[in-house]
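Have a look at upload06.txt; it's compact mmCIF, C-alpha atoms:
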# COMPACT_ATOMS: atom_id res chain seq x y z
CA MET A 1 27.75 31.53 83.62
CA THR A 2 28.05 35.24 82.78
CA ASN A 3 26.48 36.72 79.68
CA ASP A 4 29.92 37.18 78.11
CA ALA A 5 30.86 33.57 78.83
CA ARG A 6 27.57 32.36 77.41
CA ALA A 7 28.07 34.42 74.25
CA ASN A 8 31.61 33.08 73.83
CA SER A 9 30.43 29.49 74.25
CA GLN A 10 27.88 29.97 71.48
CA LEU A 11 30.28 31.68 69.07
CA PRO A 12 31.78 28.57 67.40
CA MET A 13 28.38 27.19 66.37
CA GLU A 14 27.15 30.65 65.47
CA MET A 15 30.05 31.16 63.07
CA ALA A 16 29.41 27.75 61.51
CA LEU A 17 25.76 28.62 60.91
CA ARG A 18 26.69 32.00 59.49
CA PHE A 19 29.12 30.36 57.09
CA GLU A 20 26.42 27.92 55.95
CA ALA A 21 24.06 30.80 55.24
CA ALA A 22 26.67 32.78 53.33
CA SER A 23 28.16 29.91 51.32
CA GLY A 24 25.09 27.82 50.63
CA LEU A 25 26.82 24.72 51.97
CA ARG A 26 24.83 22.50 54.31
CA PHE A 27 26.30 20.15 56.90
CA TYR A 28 24.38 17.38 58.65
CA ASP A 29 26.94 17.37 61.46
CA LYS A 30 27.47 21.03 62.32
CA THR A 31 30.31 20.19 64.68
CA LEU A 32 32.43 19.09 61.70
CA LEU A 33 32.00 22.50 60.11
CA GLN A 34 32.65 24.15 63.45
CA ARG A 35 35.92 22.25 63.75
CA ALA A 36 36.93 23.12 60.17
CA LEU A 37 36.61 26.80 61.02
CA THR A 38 38.60 26.54 64.27
CA HIS A 39 42.24 27.60 64.04
CA ARG A 40 44.64 26.23 66.62
CA SER A 41 45.31 29.75 67.92
CA TYR A 42 41.67 29.94 69.04
CA ILE A 43 41.99 26.68 70.98
CA ASN A 44 45.14 27.98 72.66
CA GLU A 45 43.53 31.23 73.79
CA SER A 46 39.96 30.12 74.46
CA ARG A 47 38.82 28.72 77.77
CA LEU A 48 36.02 26.86 76.03
CA PHE A 49 36.13 23.10 75.69
CA LEU A 50 36.32 22.36 71.99
CA GLU A 51 37.10 18.90 70.72
CA ALA A 52 39.89 19.91 68.33
CA ASP A 53 41.25 22.49 65.92
CA ASN A 54 41.10 21.98 62.16
CA GLU A 55 44.55 20.49 61.55
CA ARG A 56 43.46 16.84 61.27
CA LEU A 57 40.68 17.87 58.87
CA GLU A 58 43.28 19.86 56.92
CA PHE A 59 45.34 16.66 56.54
CA LEU A 60 42.34 14.75 55.23
CA GLY A 61 41.17 17.56 52.96
CA ASP A 62 44.58 17.82 51.34
CA ALA A 63 44.40 14.16 50.30
CA VAL A 64 40.79 14.44 49.09
CA ILE A 65 41.55 17.53 46.99
CA ASP A 66 44.60 15.85 45.45
CA PHE A 67 42.55 12.81 44.43
CA ILE A 68 39.55 14.73 43.08
CA VAL A 69 41.67 17.18 41.10
CA GLY A 70 43.71 14.32 39.63
CA GLU A 71 40.57 12.47 38.53
CA TYR A 72 39.03 15.67 37.19
CA LEU A 73 42.07 16.54 35.06
CA TYR A 74 42.39 12.96 33.79
CA HIS A 75 38.90 13.10 32.30
CA ARG A 76 39.00 16.80 31.34
CA TYR A 77 42.20 16.50 29.29
CA PRO A 78 42.26 13.00 27.75
CA GLU A 79 45.15 13.88 25.41
CA MET A 80 47.35 15.68 27.94
CA ARG A 81 50.59 13.95 28.79
CA GLU A 82 51.45 12.80 32.31
CA GLY A 83 54.04 15.52 32.87
CA ALA A 84 51.64 18.32 31.97
CA LEU A 85 48.89 16.75 34.07
CA THR A 86 51.25 16.62 37.04
CA ASN A 87 52.22 20.27 36.59
CA LEU A 88 48.59 21.33 36.25
CA ARG A 89 47.50 19.39 39.33
CA ALA A 90 50.36 20.94 41.31
CA ALA A 91 49.24 24.41 40.21
CA LEU A 92 45.65 23.73 41.25
CA VAL A 93 46.43 22.31 44.70
CA ARG A 94 49.21 24.73 45.69
CA GLU A 95 48.75 27.12 48.60
CA GLU A 96 48.12 30.23 46.48
CA THR A 97 45.32 28.62 44.46
CA LEU A 98 43.55 27.05 47.43
CA ALA A 99 43.81 30.36 49.28
CA ILE A 100 41.99 31.99 46.35
CA PHE A 101 39.25 29.37 46.69
CA GLY A 102 39.03 30.23 50.37
CA GLN A 103 38.72 33.90 49.50
CA ASP A 104 35.98 33.11 46.99
CA LEU A 105 34.03 31.57 49.87
CA ASN A 106 34.93 34.50 52.14
CA ILE A 107 36.10 31.88 54.60
CA GLY A 108 38.36 34.21 56.54
CA ARG A 109 35.36 36.16 57.81
CA PHE A 110 34.05 33.11 59.65
CA LEU A 111 37.31 31.76 61.05
CA LEU A 112 37.72 31.26 64.78
CA LEU A 113 41.13 32.78 65.42
CA GLY A 114 43.06 33.71 68.51
CA ARG A 115 43.35 37.44 69.09
CA GLY A 116 47.04 37.57 68.22
CA GLU A 117 46.54 35.67 64.97
CA ALA A 118 43.58 37.83 64.00
CA ASP A 119 45.39 41.08 64.83
CA SER A 120 48.38 40.05 62.69
CA GLY A 121 46.22 39.58 59.59
CA GLY A 122 45.51 35.88 59.88
CA ARG A 123 42.10 36.14 58.21
CA ASN A 124 43.77 37.19 54.98
CA ARG A 125 46.97 35.15 55.23
CA SER A 126 47.42 32.76 52.32
CA ALA A 127 48.63 29.84 54.45
CA VAL A 128 45.69 30.18 56.86
CA LEU A 129 43.10 30.43 54.07
CA CYS A 130 44.60 27.44 52.27
CA ALA A 131 44.66 25.31 55.43
CA THR A 132 41.08 26.27 56.33
CA PHE A 133 39.83 25.47 52.84
CA GLU A 134 41.50 22.05 53.04
CA ALA A 135 39.87 21.51 56.44
CA LEU A 136 36.50 22.50 55.01
CA VAL A 137 36.90 19.92 52.24
CA GLY A 138 37.88 17.26 54.78
CA ALA A 139 34.83 18.08 56.89
CA LEU A 140 32.49 18.02 53.89
CA PHE A 141 33.86 14.65 52.80
CA LEU A 142 33.28 13.15 56.26
CA ASP A 143 29.84 14.72 56.54
CA GLN A 144 28.70 13.61 53.08
CA ASP A 145 30.77 12.14 50.25
CA LEU A 146 33.07 12.80 47.31
CA ASP A 147 30.21 14.05 45.14
CA ALA A 148 29.49 16.83 47.63
CA VAL A 149 33.15 17.85 47.52
CA LYS A 150 33.09 17.86 43.72
CA GLU A 151 30.06 20.15 43.76
CA LEU A 152 32.11 22.56 45.87
CA LEU A 153 35.39 22.25 43.98
CA PHE A 154 34.47 22.21 40.31
CA PRO A 155 32.85 25.69 40.15
CA LEU A 156 35.94 27.08 41.89
CA ILE A 157 38.37 25.31 39.55
CA GLU A 158 36.75 26.25 36.25
CA PRO A 159 37.51 30.01 36.25
CA VAL A 160 41.24 29.54 36.98
CA LEU A 161 41.79 26.44 34.85
CA PRO A 162 42.52 27.95 31.38
CA GLU A 163 45.38 30.12 32.58
CA LEU A 164 46.87 27.37 34.73
CA ALA A 165 46.53 24.81 31.93
CA ALA A 166 48.40 27.08 29.53
CA ALA A 167 51.18 27.61 32.06
CA ALA A 168 51.43 23.88 32.79
CA ALA A 169 51.64 23.02 29.10
CA ALA A 170 54.40 25.58 28.58
CA LYS A 171 56.29 24.36 31.64
CA ASP A 172 56.26 20.83 30.27
CA ALA A 173 57.35 21.78 26.74
CA LYS A 174 61.08 21.26 27.31
CA SER A 175 60.50 17.82 28.83
CA ARG A 176 58.29 16.82 25.92
CA LEU A 177 60.77 18.09 23.35
CA GLN A 178 63.57 16.20 25.05
CA GLU A 179 61.56 12.96 24.98
CA TRP A 180 60.68 13.46 21.31
CA SER A 181 64.21 14.45 20.27
CA GLN A 182 65.80 11.49 22.02
CA SER A 183 63.25 9.14 20.47
CA GLU A 184 63.62 10.54 16.93
CA PHE A 185 67.30 11.51 16.80
CA ARG A 186 68.90 10.14 19.97
CA ALA A 187 69.89 13.71 20.72
CA THR A 188 69.21 16.13 23.56
CA PRO A 189 67.88 19.58 22.61
CA ARG A 190 70.06 22.52 23.52
CA TYR A 191 69.06 26.13 23.99
CA TYR A 192 71.05 29.10 22.71
CA THR A 193 70.35 32.68 23.78
CA LYS A 194 70.40 34.50 20.46
CA ALA A 195 69.57 38.02 21.62
CA GLU A 196 68.85 40.25 24.61
CA GLU A 197 66.95 43.45 23.88
CA GLY A 198 65.60 46.30 25.97
CA PRO A 199 66.63 47.96 29.26
CA ASP A 200 67.64 45.91 32.28
CA HIS A 201 64.21 46.23 33.90
CA ALA A 202 62.35 45.14 30.77
CA LYS A 203 64.63 42.82 28.80
CA VAL A 204 63.26 40.49 26.14
CA PHE A 205 65.30 37.37 25.39
CA THR A 206 65.31 35.40 22.15
CA VAL A 207 66.25 31.73 22.52
CA HIS A 208 66.69 29.04 19.86
CA ALA A 209 65.98 25.34 20.45
CA ILE A 210 68.71 23.42 18.65
CA ILE A 211 68.87 19.73 17.75
CA HIS A 212 71.92 18.39 15.91
CA GLY A 213 73.01 21.92 15.05
CA ASN A 214 69.67 22.87 13.48
CA VAL A 215 67.20 25.40 14.84
CA TRP A 216 63.86 23.72 15.49
CA GLY A 217 62.15 26.44 17.49
CA VAL A 218 62.42 30.11 18.41
CA GLY A 219 61.04 31.65 21.59
CA HIS A 220 60.84 35.09 23.17
CA GLY A 221 60.31 36.00 26.80
CA LYS A 222 61.13 38.24 29.75
CA SER A 223 63.60 35.64 31.02
CA LYS A 224 65.82 33.01 29.42
CA GLN A 225 63.73 30.32 31.09
CA ILE A 226 60.45 31.58 29.61
CA ALA A 227 62.03 32.10 26.20
CA SER A 228 63.49 28.58 26.18
CA GLN A 229 60.09 27.10 27.09
CA GLU A 230 58.55 29.05 24.21
CA ALA A 231 61.28 27.83 21.87
CA ALA A 232 60.56 24.22 22.91
CA ALA A 233 56.82 24.76 22.41
CA ASP A 234 57.51 26.22 18.96
CA ALA A 235 59.59 23.18 18.03
CA LEU A 236 56.87 20.84 19.29
CA ARG A 237 54.20 22.57 17.20
CA PHE A 238 56.27 21.91 14.09
CA ALA A 239 57.04 18.33 15.13
CA ASP A 240 53.37 17.61 15.86
CA ALA A 241 52.34 18.98 12.47
CA GLN A 242 54.86 16.70 10.75
CA GLN A 243 54.21 13.56 12.81
CA HIS A 244 52.71 11.59 9.91
CA GLN A 245 55.64 12.28 7.57
CA GLU A 246 58.02 9.43 6.86
CA THR A 247 60.98 11.63 7.72
CA ILE A 248 60.96 14.88 9.69
CA SER A 249 63.33 17.67 8.73
CA PRO A 250 63.98 20.90 10.63
CA PRO A 251 61.72 23.86 9.82
CA ALA A 252 62.91 25.32 6.52
CA ALA A 253 62.19 28.87 7.67
CA TYR A 254 64.81 28.57 10.40
CA GLN A 255 67.63 27.01 8.42
CA THR A 256 69.03 30.32 7.22
CA ILE A 257 70.01 31.01 10.82
CA SER A 258 71.15 27.49 11.70
CA ALA A 259 74.49 27.63 9.98
CA SER A 260 75.46 30.83 11.78
CA GLU A 261 74.66 29.56 15.28
CA PRO A 262 77.81 29.81 17.43
CA ASN A 263 78.77 26.72 19.35
CA ASP A 264 79.08 28.42 22.73
CA PRO A 265 78.81 25.97 25.66
CA SER A 266 78.11 28.85 28.07
CA ASN A 267 74.87 29.63 26.26
CA ASP A 268 74.09 26.20 24.87
CA ALA A 269 72.40 24.33 27.72
CA PRO A 270 70.58 20.99 27.71
CA ALA A 271 66.86 20.85 28.33
CA ALA A 272 65.83 20.61 31.95

Now that the file is in, can you turn its structure into structure tokens?
Amino acid sequence: MTNDARANSQLPMEMALRFEAASGLRFYDKTLLQRALTHRSYINESRLFLEADNERLEFLGDAVIDFIVGEYLYHRYPEMREGALTNLRAALVREETLAIFGQDLNIGRFLLLGRGEADSGGRNRSAVLCATFEALVGALFLDQDLDAVKELLFPLIEPVLPELAAAAAAKDAKSRLQEWSQSEFRATPRYYTKAEEGPDHAKVFTVHAIIHGNVWGVGHGKSKQIASQEAAADALRFADAQQHQETISPPAAYQTISASEPNDPSNDAPAA
């Protein structure tokens, strides 16, 4: 075996050991980590005999992450509704978020990639980083247990959680308002675009959430969708504050504008 061939044969394990040193993670079975860091393009181009690329570990890691994040959010937010929990879990396990976790671990630096994949920017590609992070989680689970995976995941989740939680809650506001409105009034909320202000590249929309012809919430945003979510959230804040009242009436502050709301079906859309 030539010196170059010998060096190439040692590279997979060398990269695994380097990753351990840099990340602080420790594997009992180093070959699992080696496999997690092996992209299929490396297998295709390498003449070395390696057992497999990381795609099966990616499959397993995806399922493990989904379960752990679901359990984590269930205990972290005991009052959060199912719809918001689902949205938040989706935000945490999506490609962009997991790729950020991979970047936090500098995982791209230690990836075994084929030359073509590496030259085309594979070490920084979101899909590759996400898949490798999932494979790493799958390998860690097989090598140890769920607790080891939690020790890896939780410190990565915490910094991004507040922003994602706020976005998930806002995204779910229209669904929550629809459930509440149908329960209380047997009516579906509708959303009317009251105003559009600013230049085309920086418009701000004002949307009213309307139930039975009364304005229950007002929202502003850079798009009609964002403004309608804000209007629903505004209505829910009022409804939540009045939940112990025998009867709930629309916010008095908004009733001066209720009577003048046009009944325009093109602008008056049901909650999604």

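When CA of Val149 in chain A is paired with CA of Ala16 in chain A, their separation reads 17.5 Å.
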
Q) Hey, what's within 8 Å of Ala187 in chain A if we count all atoms listed in the file and toss same-chain stuff fewer than 6 positions away? As a PyMOL selection string, please? A) chain A and resi 181+211-212

**Q.** Given all atoms listed in the file as the counted atoms, nearest of A:Ala165, A:Ala209, A:Ala127, A:Ala252 to Ala235 in chain A
**A.** A:Ala209

Q: Could you jot down the CA of Ser126 in chain A to CA of Tyr28 in chain A separation for me, Å, one decimal place?
A: 28.4 Å

(Q) With only C-alpha atoms as the counted atoms, please give the residues lying no more than 12 Å from Glu71 in chain A, apart from itself and same-chain residues fewer than 5 positions off, as a PyMOL selection string. (A) chain A and resi 64-66+76-78+85-86+89+146+150+154

Could you turn the residues from that selection into a file that holds C-alpha atoms, as a short mmCIF file (atom, residue, chain, number, x, y, z; two decimals), in the frame of the given file?
data_model
loop_
_atom_site.label_atom_id
_atom_site.label_comp_id
_atom_site.auth_asym_id
_atom_site.auth_seq_id
_atom_site.Cartn_x
_atom_site.Cartn_y
_atom_site.Cartn_z
CA VAL A 64 40.79 14.44 49.09
CA ILE A 65 41.55 17.53 46.99
CA ASP A 66 44.60 15.85 45.45
CA ARG A 76 39.00 16.80 31.34
CA TYR A 77 42.20 16.50 29.29
CA PRO A 78 42.26 13.00 27.75
CA LEU A 85 48.89 16.75 34.07
CA THR A 86 51.25 16.62 37.04
CA ARG A 89 47.50 19.39 39.33
CA LEU A 146 33.07 12.80 47.31
CA LYS A 150 33.09 17.86 43.72
CA PHE A 154 34.47 22.21 40.31
#

N, CA and C atoms are needed for range 111-139 of chain A; please write them out as a short mmCIF file (atom, residue, chain, number, x, y, z; two decimals), in the frame of the given file.
data_model
loop_
_atom_site.label_atom_id
_atom_site.label_comp_id
_atom_site.auth_asym_id
_atom_site.auth_seq_id
_atom_site.Cartn_x
_atom_site.Cartn_y
_atom_site.Cartn_z
N LEU A 111 36.30 32.52 60.32
CA LEU A 111 37.31 31.76 61.05
C LEU A 111 37.31 32.09 62.53
N LEU A 112 37.49 31.08 63.35
CA LEU A 112 37.72 31.26 64.78
C LEU A 112 39.22 31.33 65.00
N LEU A 113 39.71 32.54 65.26
CA LEU A 113 41.13 32.78 65.42
C LEU A 113 41.42 33.34 66.80
N GLY A 114 42.61 33.05 67.30
CA GLY A 114 43.06 33.71 68.51
C GLY A 114 43.27 35.19 68.24
N ARG A 115 43.26 36.00 69.28
CA ARG A 115 43.35 37.44 69.09
C ARG A 115 44.65 37.84 68.41
N GLY A 116 45.75 37.23 68.82
CA GLY A 116 47.04 37.57 68.22
C GLY A 116 47.09 37.24 66.74
N GLU A 117 46.57 36.08 66.38
CA GLU A 117 46.54 35.67 64.97
C GLU A 117 45.65 36.59 64.16
N ALA A 118 44.50 36.94 64.70
CA ALA A 118 43.58 37.83 64.00
C ALA A 118 44.19 39.22 63.83
N ASP A 119 44.82 39.73 64.88
CA ASP A 119 45.39 41.08 64.83
C ASP A 119 46.56 41.17 63.85
N SER A 120 47.22 40.05 63.61
CA SER A 120 48.38 40.05 62.69
C SER A 120 47.98 39.76 61.24
N GLY A 121 46.68 39.77 60.97
CA GLY A 121 46.22 39.58 59.59
C GLY A 121 45.94 38.15 59.19
N GLY A 122 45.71 37.29 60.16
CA GLY A 122 45.51 35.88 59.88
C GLY A 122 44.33 35.58 58.97
N ARG A 123 43.29 36.40 59.02
CA ARG A 123 42.10 36.14 58.21
C ARG A 123 42.37 36.27 56.72
N ASN A 124 43.43 36.99 56.38
CA ASN A 124 43.77 37.19 54.98
C ASN A 124 45.08 36.51 54.58
N ARG A 125 45.68 35.78 55.52
CA ARG A 125 46.97 35.15 55.23
C ARG A 125 46.77 33.92 54.35
N SER A 126 47.58 33.84 53.30
CA SER A 126 47.42 32.76 52.32
C SER A 126 47.50 31.38 52.95
N ALA A 127 48.47 31.17 53.84
CA ALA A 127 48.63 29.84 54.45
C ALA A 127 47.42 29.46 55.29
N VAL A 128 46.86 30.44 56.02
CA VAL A 128 45.69 30.18 56.86
C VAL A 128 44.46 29.88 56.00
N LEU A 129 44.26 30.65 54.95
CA LEU A 129 43.10 30.43 54.07
C LEU A 129 43.20 29.08 53.37
N CYS A 130 44.40 28.74 52.92
CA CYS A 130 44.60 27.44 52.27
C CYS A 130 44.30 26.30 53.23
N ALA A 131 44.86 26.37 54.44
CA ALA A 131 44.66 25.31 55.43
C ALA A 131 43.19 25.18 55.80
N THR A 132 42.49 26.31 55.94
CA THR A 132 41.08 26.27 56.33
C THR A 132 40.23 25.70 55.20
N PHE A 133 40.57 26.04 53.97
CA PHE A 133 39.83 25.47 52.84
C PHE A 133 40.02 23.96 52.79
N GLU A 134 41.25 23.49 53.01
CA GLU A 134 41.50 22.05 53.04
C GLU A 134 40.70 21.40 54.16
N ALA A 135 40.65 22.04 55.32
CA ALA A 135 39.87 21.51 56.44
C ALA A 135 38.39 21.46 56.11
N LEU A 136 37.90 22.47 55.43
CA LEU A 136 36.50 22.50 55.01
C LEU A 136 36.19 21.32 54.09
N VAL A 137 37.09 21.06 53.15
CA VAL A 137 36.90 19.92 52.24
C VAL A 137 36.91 18.62 53.02
N GLY A 138 37.84 18.48 53.96
CA GLY A 138 37.88 17.26 54.78
C GLY A 138 36.60 17.07 55.56
N ALA A 139 36.07 18.15 56.12
CA ALA A 139 34.83 18.08 56.89
C ALA A 139 33.65 17.71 56.00
#
